[in-house]
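This is upload-v6.txt. It holds compact mmCIF, C-alpha atoms and all ligand atoms.
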# COMPACT_ATOMS: atom_id res chain seq x y z
CA MET S 1 -5.72 20.07 19.44
CA ALA S 2 -8.27 17.51 18.89
CA VAL S 3 -11.18 18.45 21.03
CA TYR S 4 -13.78 19.93 18.73
CA THR S 5 -16.74 19.03 20.93
CA GLU S 6 -16.94 19.83 24.64
CA VAL S 7 -19.00 17.34 26.64
CA ALA S 8 -21.02 18.64 29.59
CA ASP S 9 -20.63 16.71 32.87
CA GLU S 10 -24.26 15.60 33.02
CA ASP S 11 -24.17 14.35 29.40
CA LEU S 12 -21.00 12.42 30.12
CA ARG S 13 -22.40 10.80 33.26
CA ALA S 14 -25.59 9.77 31.47
CA PHE S 15 -23.54 8.37 28.55
CA VAL S 16 -21.12 6.40 30.74
CA GLY S 17 -24.12 5.17 32.76
CA GLU S 18 -25.14 3.13 29.69
CA TYR S 19 -21.97 1.02 30.11
CA ASP S 20 -20.79 -1.36 32.75
CA ILE S 21 -17.41 0.37 33.22
CA GLY S 22 -17.83 2.03 36.61
CA ALA S 23 -18.34 5.68 37.52
CA VAL S 24 -16.57 8.64 35.95
CA VAL S 25 -13.55 9.89 37.89
CA SER S 26 -12.21 12.29 35.26
CA CYS S 27 -12.37 13.02 31.56
CA LYS S 28 -9.61 15.06 29.94
CA GLY S 29 -9.37 16.24 26.35
CA ILE S 30 -6.36 14.90 24.42
CA ALA S 31 -4.46 17.55 22.49
CA GLU S 32 -3.00 15.19 19.83
CA GLY S 33 -4.69 14.03 16.64
CA VAL S 34 -6.52 16.01 14.00
CA GLU S 35 -9.65 14.18 12.92
CA ASN S 36 -11.85 13.52 15.95
CA SER S 37 -12.42 14.67 19.53
CA ASN S 38 -10.62 12.31 21.93
CA TYR S 39 -10.84 12.18 25.71
CA LEU S 40 -8.95 10.15 28.28
CA LEU S 41 -11.80 8.82 30.40
CA GLN S 42 -10.97 7.52 33.88
CA THR S 43 -13.54 5.55 35.81
CA ASP S 44 -13.17 3.85 39.17
CA ARG S 45 -12.51 0.64 37.16
CA GLY S 46 -9.83 1.83 34.72
CA ASN S 47 -8.82 4.03 31.79
CA TYR S 48 -10.62 4.32 28.46
CA ILE S 49 -10.59 6.51 25.36
CA LEU S 50 -13.82 8.30 24.49
CA THR S 51 -14.01 9.40 20.84
CA LEU S 52 -16.60 11.68 19.31
CA TYR S 53 -16.48 11.31 15.54
CA GLU S 54 -16.30 14.67 13.80
CA LYS S 55 -17.23 15.72 10.31
CA ARG S 56 -14.26 14.28 8.41
CA VAL S 57 -15.33 10.75 9.26
CA ASN S 58 -18.21 9.46 7.18
CA PRO S 59 -20.75 7.99 9.68
CA THR S 60 -21.61 5.18 7.26
CA ASP S 61 -17.98 3.97 7.54
CA LEU S 62 -18.07 3.71 11.35
CA PRO S 63 -19.51 0.16 11.56
CA PHE S 64 -16.60 -0.98 9.34
CA PHE S 65 -14.00 0.68 11.62
CA ILE S 66 -15.59 -0.51 14.88
CA GLY S 67 -16.08 -4.03 13.49
CA LEU S 68 -12.46 -4.08 12.30
CA MET S 69 -11.05 -3.13 15.71
CA GLU S 70 -13.30 -5.75 17.37
CA HIS S 71 -12.10 -8.37 14.87
CA LEU S 72 -8.39 -7.52 15.20
CA ALA S 73 -8.56 -7.40 19.00
CA ARG S 74 -10.26 -10.83 19.01
CA GLN S 75 -7.40 -12.12 16.83
CA GLY S 76 -4.93 -10.94 19.47
CA LEU S 77 -3.67 -7.77 17.77
CA ARG S 78 -2.94 -4.99 20.24
CA CYS S 79 -5.35 -2.30 19.12
CA PRO S 80 -8.18 -0.35 20.76
CA THR S 81 -11.05 -2.69 21.65
CA PRO S 82 -14.48 -1.07 21.33
CA VAL S 83 -16.45 -1.36 24.57
CA ALA S 84 -20.13 -2.23 24.19
CA GLY S 85 -22.85 -0.67 26.34
CA ARG S 86 -25.10 -2.92 28.47
CA ASP S 87 -27.28 -3.36 25.39
CA GLY S 88 -24.34 -4.83 23.44
CA ILE S 89 -23.94 -1.77 21.19
CA ALA S 90 -20.51 -0.09 20.87
CA LEU S 91 -21.29 2.69 18.40
CA ARG S 92 -23.53 5.21 20.18
CA HIS S 93 -24.29 8.96 20.17
CA LEU S 94 -23.10 11.77 22.41
CA CYS S 95 -23.58 15.53 21.88
CA ASP S 96 -25.26 14.83 18.51
CA ARG S 97 -22.22 12.99 17.25
CA PRO S 98 -21.48 9.31 16.77
CA ALA S 99 -19.31 8.26 19.73
CA ALA S 100 -17.55 5.19 21.10
CA ILE S 101 -15.50 4.14 24.10
CA VAL S 102 -12.44 1.99 23.38
CA SER S 103 -9.79 0.38 25.57
CA PHE S 104 -6.78 2.48 26.57
CA LEU S 105 -3.44 1.19 25.22
CA LYS S 106 -0.20 1.52 27.13
CA GLY S 107 2.92 2.87 25.47
CA LEU S 108 4.09 6.01 23.71
CA TRP S 109 4.58 6.85 20.08
CA PRO S 110 8.22 7.46 19.16
CA ARG S 111 9.31 11.09 18.80
CA ARG S 112 12.74 9.98 17.52
CA ILE S 113 12.52 7.00 15.20
CA THR S 114 15.26 4.39 15.44
CA ALA S 115 16.10 1.45 13.20
CA ALA S 116 14.79 -0.86 15.96
CA HIS S 117 11.38 0.85 15.77
CA CYS S 118 11.30 0.23 12.00
CA ALA S 119 12.13 -3.44 12.51
CA ALA S 120 9.32 -3.88 15.05
CA LEU S 121 6.93 -1.91 12.84
CA GLY S 122 7.58 -4.29 9.92
CA ARG S 123 6.47 -7.30 11.97
CA ALA S 124 3.49 -5.52 13.51
CA MET S 125 2.23 -4.34 10.11
CA ALA S 126 2.56 -7.81 8.58
CA ASP S 127 0.71 -9.24 11.59
CA LEU S 128 -2.07 -6.69 11.05
CA HIS S 129 -2.27 -7.70 7.37
CA GLN S 130 -2.48 -11.40 8.22
CA LYS S 131 -5.11 -10.90 10.92
CA GLY S 132 -7.17 -8.59 8.70
CA LEU S 133 -7.55 -11.27 6.01
CA SER S 134 -10.36 -12.99 7.92
CA TYR S 135 -12.35 -9.76 8.46
CA ALA S 136 -15.60 -9.95 6.52
CA GLY S 137 -16.00 -6.18 6.09
CA SER S 138 -14.59 -4.18 3.20
CA ARG S 139 -14.28 -0.50 2.41
CA PRO S 140 -12.89 1.06 -0.78
CA ASN S 141 -9.96 3.43 -0.27
CA SER S 142 -11.62 6.85 -0.49
CA LEU S 143 -8.14 8.42 -0.85
CA GLY S 144 -6.91 5.96 -3.49
CA PRO S 145 -5.65 6.80 -7.03
CA LYS S 146 -9.08 7.79 -8.36
CA ALA S 147 -9.38 10.48 -5.68
CA TRP S 148 -6.01 12.13 -6.32
CA ARG S 149 -6.69 14.11 -9.51
CA PRO S 150 -10.00 15.60 -8.29
CA LEU S 151 -8.30 16.52 -4.99
CA PHE S 152 -5.50 18.21 -6.93
CA GLU S 153 -7.81 19.99 -9.40
CA GLN S 154 -9.75 21.54 -6.51
CA GLU S 155 -6.61 23.39 -5.42
CA ALA S 156 -4.66 23.52 -8.73
CA HIS S 157 -5.16 27.29 -9.20
CA ARG S 158 -3.54 27.98 -5.79
CA THR S 159 -0.92 25.21 -5.69
CA ASP S 160 1.94 27.41 -6.92
CA GLU S 161 1.36 29.71 -3.93
CA VAL S 162 2.97 26.93 -1.90
CA LYS S 163 5.87 26.51 -4.33
CA PRO S 164 6.28 27.87 -7.87
CA GLY S 165 6.12 25.00 -10.39
CA LEU S 166 4.46 22.58 -7.97
CA ALA S 167 1.21 22.35 -9.98
CA ASP S 168 3.03 21.24 -13.15
CA PHE S 169 5.10 18.74 -11.22
CA LEU S 170 1.98 17.22 -9.65
CA ARG S 171 0.18 17.08 -13.00
CA HIS S 172 3.06 15.09 -14.53
CA GLU S 173 3.21 12.79 -11.53
CA LEU S 174 -0.52 12.12 -11.70
CA ASP S 175 -0.19 11.29 -15.42
CA HIS S 176 2.62 8.85 -14.61
CA LEU S 177 0.78 7.26 -11.68
CA GLU S 178 -2.41 6.82 -13.69
CA ARG S 179 -0.47 5.08 -16.48
CA HIS S 180 1.63 2.81 -14.24
CA TRP S 181 -0.49 2.05 -11.18
CA PRO S 182 -0.44 -1.73 -10.59
CA GLN S 183 -3.61 -3.71 -11.16
CA ASP S 184 -3.37 -7.12 -9.58
CA LEU S 185 -1.40 -7.18 -6.34
CA PRO S 186 -2.65 -9.04 -3.23
CA ILE S 187 -5.44 -7.14 -1.54
CA GLY S 188 -6.56 -7.02 2.08
CA ILE S 189 -7.30 -4.67 4.94
CA ILE S 190 -4.70 -1.93 5.28
CA HIS S 191 -4.33 0.68 8.02
CA ALA S 192 -3.54 3.40 5.46
CA ASP S 193 -2.20 5.92 8.03
CA LEU S 194 0.43 3.94 9.92
CA PHE S 195 2.51 6.99 10.85
CA PRO S 196 4.69 7.08 13.99
CA ASP S 197 1.95 8.87 15.96
CA ASN S 198 -0.33 5.87 15.41
CA VAL S 199 2.12 3.22 16.66
CA PHE S 200 2.77 2.86 20.40
CA PHE S 201 5.96 1.33 21.75
CA GLN S 202 7.18 0.08 25.09
CA GLY S 203 10.93 0.00 24.70
CA ASP S 204 11.64 -1.30 21.20
CA GLU S 205 8.47 -3.43 21.06
CA VAL S 206 5.20 -2.35 19.48
CA SER S 207 2.61 -2.17 22.25
CA GLY S 208 -0.33 -1.09 20.11
CA LEU S 209 -1.65 0.31 16.83
CA ILE S 210 -4.30 3.06 16.95
CA ASP S 211 -6.36 5.30 14.69
CA PHE S 212 -8.00 2.90 12.24
CA TYR S 213 -10.15 5.63 10.71
CA PHE S 214 -8.51 5.51 7.26
CA ALA S 215 -8.45 1.69 7.18
CA CYS S 216 -9.71 0.24 3.92
CA THR S 217 -9.38 -2.56 1.39
CA ASP S 218 -6.38 -2.01 -0.86
CA PHE S 219 -3.04 -3.48 -1.95
CA LEU S 220 -1.28 -4.76 1.18
CA ALA S 221 2.02 -3.51 -0.23
CA TYR S 222 0.58 0.03 -0.38
CA ASP S 223 0.60 0.07 3.44
CA ILE S 224 4.32 -0.78 3.31
CA ALA S 225 4.86 2.08 0.87
CA ILE S 226 3.09 4.47 3.28
CA CYS S 227 5.45 3.33 6.04
CA LEU S 228 8.58 3.69 3.88
CA ASN S 229 7.59 7.33 3.52
CA ALA S 230 6.50 7.95 7.10
CA TRP S 231 9.32 6.12 8.91
CA CYS S 232 12.43 5.90 6.71
CA PHE S 233 13.32 9.52 5.92
CA GLU S 234 15.43 11.66 8.22
CA ASP S 235 14.64 15.25 9.21
CA ASP S 236 17.17 16.52 6.63
CA GLY S 237 15.17 14.74 3.89
CA SER S 238 17.66 11.90 3.32
CA PHE S 239 16.38 8.34 2.89
CA ASN S 240 17.63 5.92 5.55
CA ILE S 241 18.23 2.64 3.74
CA THR S 242 19.00 0.78 6.99
CA LYS S 243 15.56 1.62 8.39
CA ALA S 244 13.89 0.60 5.12
CA HIS S 245 15.85 -2.66 4.98
CA LEU S 246 14.86 -3.57 8.53
CA LEU S 247 11.23 -2.64 7.97
CA LEU S 248 10.99 -4.80 4.82
CA TRP S 249 13.09 -7.68 6.13
CA ASN S 250 11.05 -7.96 9.31
CA TYR S 251 7.75 -7.62 7.45
CA GLN S 252 8.81 -10.57 5.33
CA GLN S 253 9.51 -12.75 8.35
CA VAL S 254 5.74 -12.70 8.92
CA ARG S 255 4.36 -12.21 5.41
CA PRO S 256 6.76 -12.69 2.47
CA LEU S 257 6.20 -10.34 -0.48
CA SER S 258 5.60 -11.71 -3.96
CA ALA S 259 8.04 -10.63 -6.69
CA ALA S 260 5.30 -8.42 -8.18
CA GLU S 261 4.70 -6.68 -4.84
CA PHE S 262 8.41 -6.11 -4.38
CA ARG S 263 8.80 -4.65 -7.89
CA ALA S 264 5.78 -2.39 -7.35
CA LEU S 265 7.13 -0.73 -4.19
CA PRO S 266 8.60 2.37 -5.92
CA ILE S 267 5.38 3.21 -7.77
CA LEU S 268 3.33 2.51 -4.64
CA ALA S 269 5.65 4.79 -2.66
CA ARG S 270 5.20 7.52 -5.28
CA GLY S 271 1.42 7.09 -5.00
CA SER S 272 1.52 7.16 -1.22
CA ALA S 273 3.67 10.30 -1.31
CA ILE S 274 1.26 12.13 -3.59
CA ARG S 275 -1.73 11.02 -1.47
CA PHE S 276 -0.31 12.66 1.68
CA LEU S 277 1.08 15.60 -0.28
CA LEU S 278 -2.39 16.34 -1.67
CA THR S 279 -4.30 16.09 1.62
CA ARG S 280 -1.65 18.24 3.32
CA LEU S 281 -1.81 20.73 0.44
CA TYR S 282 -5.58 20.91 0.83
CA ASP S 283 -5.27 21.51 4.59
CA TRP S 284 -2.44 24.02 4.06
CA LEU S 285 -4.59 26.12 1.76
CA ASN S 286 -7.89 25.69 3.62
CA THR S 287 -7.15 25.71 7.35
CA PRO S 288 -8.50 29.02 8.68
CA ALA S 289 -5.94 31.30 10.32
CA GLY S 290 -6.11 30.84 14.10
CA ALA S 291 -7.45 27.25 13.94
CA PHE S 292 -6.07 25.07 16.75
CA VAL S 293 -4.68 22.48 14.35
CA LYS S 294 -1.04 22.22 13.36
CA ARG S 295 -0.84 22.12 9.57
CA LYS S 296 1.54 19.51 8.18
CA ASP S 297 4.09 20.48 5.52
CA PRO S 298 3.05 19.29 2.03
CA LEU S 299 6.55 19.92 0.64
CA GLU S 300 8.02 17.24 2.91
CA TYR S 301 6.10 14.83 0.70
CA GLU S 302 7.22 16.51 -2.54
CA ARG S 303 10.81 15.70 -1.55
CA LYS S 304 9.87 12.09 -0.77
CA LEU S 305 8.04 11.80 -4.06
CA ARG S 306 11.09 13.03 -5.98
CA PHE S 307 13.25 10.45 -4.21
CA HIS S 308 11.04 7.53 -5.26
CA ALA S 309 10.82 8.90 -8.80
CA SER S 310 14.63 9.02 -9.00
CA ILE S 311 15.47 5.42 -8.02
CA GLU S 312 16.10 2.53 -10.42
CA GLY S 313 14.02 -0.07 -8.57
CA ALA S 314 12.95 -1.50 -5.23
CA GLU S 315 16.53 -2.58 -4.44
CA ALA S 316 17.07 1.06 -3.43
CA TYR S 317 15.07 0.18 -0.31
CA GLY S 318 17.87 -2.08 0.87
CA LEU S 319 16.62 -5.53 -0.01
CA HIS S 320 16.79 -7.86 -3.02
CA HIS S 321 13.69 -9.89 -3.63
CA ASP S 322 15.71 -13.09 -3.85
CA ALA S 323 16.99 -12.46 -0.29
CA PRO S 324 15.90 -15.51 1.73
CA ALA S 325 12.69 -14.78 3.62
CA ALA S 326 14.26 -15.90 6.89
CA GLY S 327 17.92 -15.21 6.25
CA LYS S 328 20.58 -13.07 7.84
CA GLN S 329 19.76 -9.39 8.48
N1 LIG C 401 -6.71 3.50 22.47
C1 LIG C 401 -5.89 4.47 22.86
N2 LIG C 401 -5.09 4.30 23.92
C2 LIG C 401 -4.29 5.30 24.38
N3 LIG C 401 -4.23 6.53 23.81
C3 LIG C 401 -5.00 6.76 22.73
C4 LIG C 401 -5.86 5.76 22.18
N4 LIG C 401 -6.51 6.29 21.12
C5 LIG C 401 -6.07 7.55 21.01
N5 LIG C 401 -5.17 7.85 21.95
C6 LIG C 401 -4.51 9.15 22.17
O1 LIG C 401 -5.21 10.13 21.43
C7 LIG C 401 -4.36 10.74 20.45
C8 LIG C 401 -5.15 11.03 19.19
O2 LIG C 401 -5.72 9.83 18.68
P1 LIG C 401 -5.94 9.60 17.12
O3 LIG C 401 -6.79 8.38 16.96
O4 LIG C 401 -4.63 9.64 16.40
O5 LIG C 401 -6.80 10.89 16.76
P2 LIG C 401 -7.29 11.41 15.34
O6 LIG C 401 -8.15 10.32 14.74
O7 LIG C 401 -8.05 12.64 15.69
O8 LIG C 401 -6.06 11.68 14.52
C9 LIG C 401 -3.23 9.74 20.27
O9 LIG C 401 -2.02 10.36 19.85
C10 LIG C 401 -3.10 9.17 21.69
O10 LIG C 401 -2.35 10.05 22.50
N1 LIG C 402 -0.85 11.16 8.90
C1 LIG C 402 -1.39 12.19 8.05
C2 LIG C 402 -2.43 13.02 8.73
C3 LIG C 402 -3.48 12.25 9.53
O1 LIG C 402 -3.25 12.56 10.89
P1 LIG C 402 -3.60 11.56 12.12
O2 LIG C 402 -3.34 12.40 13.35
O3 LIG C 402 -5.05 11.16 11.93
O4 LIG C 402 -2.65 10.38 12.04
C4 LIG C 402 -0.24 13.12 7.58
O5 LIG C 402 0.83 13.09 8.19
O6 LIG C 402 -0.44 13.87 6.62

Take the structure in the file and write it out as structure tokens.
Amino acid sequence: MAVYTEVADEDLRAFVGEYDIGAVVSCKGIAEGVENSNYLLQTDRGNYILTLYEKRVNPTDLPFFIGLMEHLARQGLRCPTPVAGRDGIALRHLCDRPAAIVSFLKGLWPRRITAAHCAALGRAMADLHQKGLSYAGSRPNSLGPKAWRPLFEQEAHRTDEVKPGLADFLRHELDHLERHWPQDLPIGIIHADLFPDNVFFQGDEVSGLIDFYFACTDFLAYDIAICLNAWCFEDDGSFNITKAHLLLWNYQQVRPLSAAEFRALPILARGSAIRFLLTRLYDWLNTPAGAFVKRKDPLEYERKLRFHASIEGAEAYGLHHDAPAAGKQ
């Protein structure tokens, strides 16, 4: 589920009346997602998404997110475009929560990921990175390396309930990551949660990127590392080198990686794995029984983390850095 806040009909009509988008025909809660309340809003002029921002989004970050989507949409990236009210303001309030209406994107997110999806994702992510460079806003990554140890320590005493020995493993990983985290890779705006459920496709082409509510300023290559984890492992836990190769090769057709970025991919992938492992671990241990949210498996990310820790170098992702940027696939 992701409808935490029910909106009464009269509140909705008054809210939509502040926009020039026609009259409400219907408004249905969307079951997917975990962070915010989302509705598919139909008016007599078209379809929109109405989002009420819930407690896990810091309200002071919202102008950054809204401004980013406006900027990217203006640059021609297919992403939700915030709709302003008649007064020119996009970020408003509904039911005591910050709320916004954004454009509805066509397409579906892929339930079964193919190599062709990974290829298209690589280009779309590089395009996002290029278009984000001219965005004036910035936001530190609140789930970056400095956040990981405190997040772990909060749950350390209960971590072995999930798997015996997991706490020690995570402690060693955190030590390693703190010692080896890169310092001076190219920085820009990253999506930071570019999982399959946030990428819409029509056929094999990306038709839109959604859910910019973890976007932040960080190493661009860290976004790639997040995608290697989220897109290139099979259900049985095996790493699919063909998918990784296509993702990286296609990314580089739009934005070539520096040698330092390429070399850093394994450590960035380890960091990205621990970041999602830790937030999933927190949710696993803290989601009340009976809550209408599907908990995600933290151990999926332990297996991914072990894979990245076991490889010799970034070549294990199916590409050599000296491969020509626009060569044969
Ligand atoms: N702009 C959009 N166009 C079409 N569908 C959308 C759009 N934004 C969200 N959705 C739908 O809402 C669901 C949840 O959105 P998401 O932003 O991932 O929520 P959350 O931030 O709560 O995780 C998506 O899986 C999709 O079905
Ligand atoms: N992608 C994260 C959880 C965030 O969920 P989203 O619905 O906001 O994309 C994970 O898989 O742990």

Hey, could you make a per-residue contact list for chain S against ligand LIG 401 (chain C) with 9 Å as the cut-off, showing the nearest pair of atoms and its distance in Å to one decimal, counting all atoms listed in the file, sorted by chain and number, as CSV?
residue,atom,partner,partner_atom,distance
S:Met1,CA,C:LIG401,O7,8.6
S:Ala2,CA,C:LIG401,O7,5.8
S:Val3,CA,C:LIG401,O7,8.5
S:Gly29,CA,C:LIG401,O1,8.9
S:Ile30,CA,C:LIG401,O1,5.7
S:Ala31,CA,C:LIG401,C7,7.1
S:Glu32,CA,C:LIG401,C7,4.7
S:Gly33,CA,C:LIG401,O8,3.4
S:Val34,CA,C:LIG401,O7,4.1
S:Glu35,CA,C:LIG401,O7,3.6
S:Asn36,CA,C:LIG401,O7,3.9
S:Ser37,CA,C:LIG401,O7,6.2
S:Asn38,CA,C:LIG401,O1,5.9
S:Tyr39,CA,C:LIG401,O1,7.4
S:Leu40,CA,C:LIG401,N3,7.4
S:Asn47,CA,C:LIG401,N2,8.7
S:Tyr48,CA,C:LIG401,N2,7.2
S:Ile49,CA,C:LIG401,N1,5.7
S:Leu50,CA,C:LIG401,N4,8.3
S:Thr51,CA,C:LIG401,N4,8.1
S:Tyr53,CA,C:LIG401,O6,8.4
S:Glu54,CA,C:LIG401,O7,8.7
S:Cys79,CA,C:LIG401,N1,6.8
S:Pro80,CA,C:LIG401,N1,4.5
S:Thr81,CA,C:LIG401,N1,7.6
S:Ile101,CA,C:LIG401,N1,9.0
S:Val102,CA,C:LIG401,N1,6.0
S:Ser103,CA,C:LIG401,N1,5.4
S:Phe104,CA,C:LIG401,N2,3.6
S:Leu105,CA,C:LIG401,N2,3.8
S:Lys106,CA,C:LIG401,C2,6.2
S:Gly107,CA,C:LIG401,C2,7.7
S:Leu108,CA,C:LIG401,O10,7.7
S:Trp109,CA,C:LIG401,O9,7.5
S:Asp197,CA,C:LIG401,O9,5.8
S:Asn198,CA,C:LIG401,O4,5.8
S:Val199,CA,C:LIG401,O9,8.8
S:Phe200,CA,C:LIG401,C2,8.5
S:Gly208,CA,C:LIG401,N2,8.1
S:Leu209,CA,C:LIG401,N1,8.2
S:Ile210,CA,C:LIG401,N4,5.7
S:Asp211,CA,C:LIG401,O3,3.9
S:Phe212,CA,C:LIG401,O3,7.3
S:Tyr213,CA,C:LIG401,O6,6.5
S:Phe214,CA,C:LIG401,O6,8.9

Those same residues, written as a PDB file, in the frame of the given file with C-alpha atoms?
ATOM      1  CA  MET S   1      -5.720  20.070  19.440  1.00  0.00           C
ATOM      2  CA  ALA S   2      -8.270  17.510  18.890  1.00  0.00           C
ATOM      3  CA  VAL S   3     -11.180  18.450  21.030  1.00  0.00           C
ATOM      4  CA  GLY S  29      -9.370  16.240  26.350  1.00  0.00           C
ATOM      5  CA  ILE S  30      -6.360  14.900  24.420  1.00  0.00           C
ATOM      6  CA  ALA S  31      -4.460  17.550  22.490  1.00  0.00           C
ATOM      7  CA  GLU S  32      -3.000  15.190  19.830  1.00  0.00           C
ATOM      8  CA  GLY S  33      -4.690  14.030  16.640  1.00  0.00           C
ATOM      9  CA  VAL S  34      -6.520  16.010  14.000  1.00  0.00           C
ATOM     10  CA  GLU S  35      -9.650  14.180  12.920  1.00  0.00           C
ATOM     11  CA  ASN S  36     -11.850  13.520  15.950  1.00  0.00           C
ATOM     12  CA  SER S  37     -12.420  14.670  19.530  1.00  0.00           C
ATOM     13  CA  ASN S  38     -10.620  12.310  21.930  1.00  0.00           C
ATOM     14  CA  TYR S  39     -10.840  12.180  25.710  1.00  0.00           C
ATOM     15  CA  LEU S  40      -8.950  10.150  28.280  1.00  0.00           C
ATOM     16  CA  ASN S  47      -8.820   4.030  31.790  1.00  0.00           C
ATOM     17  CA  TYR S  48     -10.620   4.320  28.460  1.00  0.00           C
ATOM     18  CA  ILE S  49     -10.590   6.510  25.360  1.00  0.00           C
ATOM     19  CA  LEU S  50     -13.820   8.300  24.490  1.00  0.00           C
ATOM     20  CA  THR S  51     -14.010   9.400  20.840  1.00  0.00           C
ATOM     21  CA  TYR S  53     -16.480  11.310  15.540  1.00  0.00           C
ATOM     22  CA  GLU S  54     -16.300  14.670  13.800  1.00  0.00           C
ATOM     23  CA  CYS S  79      -5.350  -2.300  19.120  1.00  0.00           C
ATOM     24  CA  PRO S  80      -8.180  -0.350  20.760  1.00  0.00           C
ATOM     25  CA  THR S  81     -11.050  -2.690  21.650  1.00  0.00           C
ATOM     26  CA  ILE S 101     -15.500   4.140  24.100  1.00  0.00           C
ATOM     27  CA  VAL S 102     -12.440   1.990  23.380  1.00  0.00           C
ATOM     28  CA  SER S 103      -9.790   0.380  25.570  1.00  0.00           C
ATOM     29  CA  PHE S 104      -6.780   2.480  26.570  1.00  0.00           C
ATOM     30  CA  LEU S 105      -3.440   1.190  25.220  1.00  0.00           C
ATOM     31  CA  LYS S 106      -0.200   1.520  27.130  1.00  0.00           C
ATOM     32  CA  GLY S 107       2.920   2.870  25.470  1.00  0.00           C
ATOM     33  CA  LEU S 108       4.090   6.010  23.710  1.00  0.00           C
ATOM     34  CA  TRP S 109       4.580   6.850  20.080  1.00  0.00           C
ATOM     35  CA  ASP S 197       1.950   8.870  15.960  1.00  0.00           C
ATOM     36  CA  ASN S 198      -0.330   5.870  15.410  1.00  0.00           C
ATOM     37  CA  VAL S 199       2.120   3.220  16.660  1.00  0.00           C
ATOM     38  CA  PHE S 200       2.770   2.860  20.400  1.00  0.00           C
ATOM     39  CA  GLY S 208      -0.330  -1.090  20.110  1.00  0.00           C
ATOM     40  CA  LEU S 209      -1.650   0.310  16.830  1.00  0.00           C
ATOM     41  CA  ILE S 210      -4.300   3.060  16.950  1.00  0.00           C
ATOM     42  CA  ASP S 211      -6.360   5.300  14.690  1.00  0.00           C
ATOM     43  CA  PHE S 212      -8.000   2.900  12.240  1.00  0.00           C
ATOM     44  CA  TYR S 213     -10.150   5.630  10.710  1.00  0.00           C
ATOM     45  CA  PHE S 214      -8.510   5.510   7.260  1.00  0.00           C
TER      46      PHE S 214
END

**OP:** Extract, using only C-alpha atoms, all DNA, RNA and protein residues at most 12 Å from Asp236 (chain S), discarding same-chain residues fewer than 2 positions from it, and format them as a list in words.
**Re:** Cys232, Phe233, Glu234, Ser238, Phe239, Asn240, Glu300, Arg303 and Lys304 of chain S

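Taking CA of His176 (chain S) and CA of Leu143 (chain S) as endpoints, the distance between them is 17.5 Å.
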
Original post:
Counting only C-alpha atoms, what is within 7 Å of region 257-261 of chain S, bar same-chain residues fewer than 6 positions away, as a ChimeraX atom specification?
Top reply: /S:185,221,321

Original post:
Given the choices S:Ala309, S:Val57, S:Ile66, S:Ala124, which gets closest to ligand LIG 402 (chain C) if the distance is worked out from all atoms listed in the file?
Top reply: S:Val57

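When CA of Leu277 (chain S) is paired with CA of Phe262 (chain S), their separation reads 23.3 Å.
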
As JSON, what would the box around region 186-205 of chain S look like: edges along x, y and z, 4 Å added on every side, centre and edge lengths in Å to one decimal?
{"center_x": 2.2, "center_y": -0.1, "center_z": 10.9, "size_x": 26.9, "size_y": 25.9, "size_z": 36.3}

**OP:** Show which residues sit within 9 Å of Phe64 (chain S), as an MDAnalysis selection string. Count all atoms listed in the file, and ignore same-chain residues fewer than 4 positions away.
**Re:** chainID S and resid 60 68:69 137:139 215:216
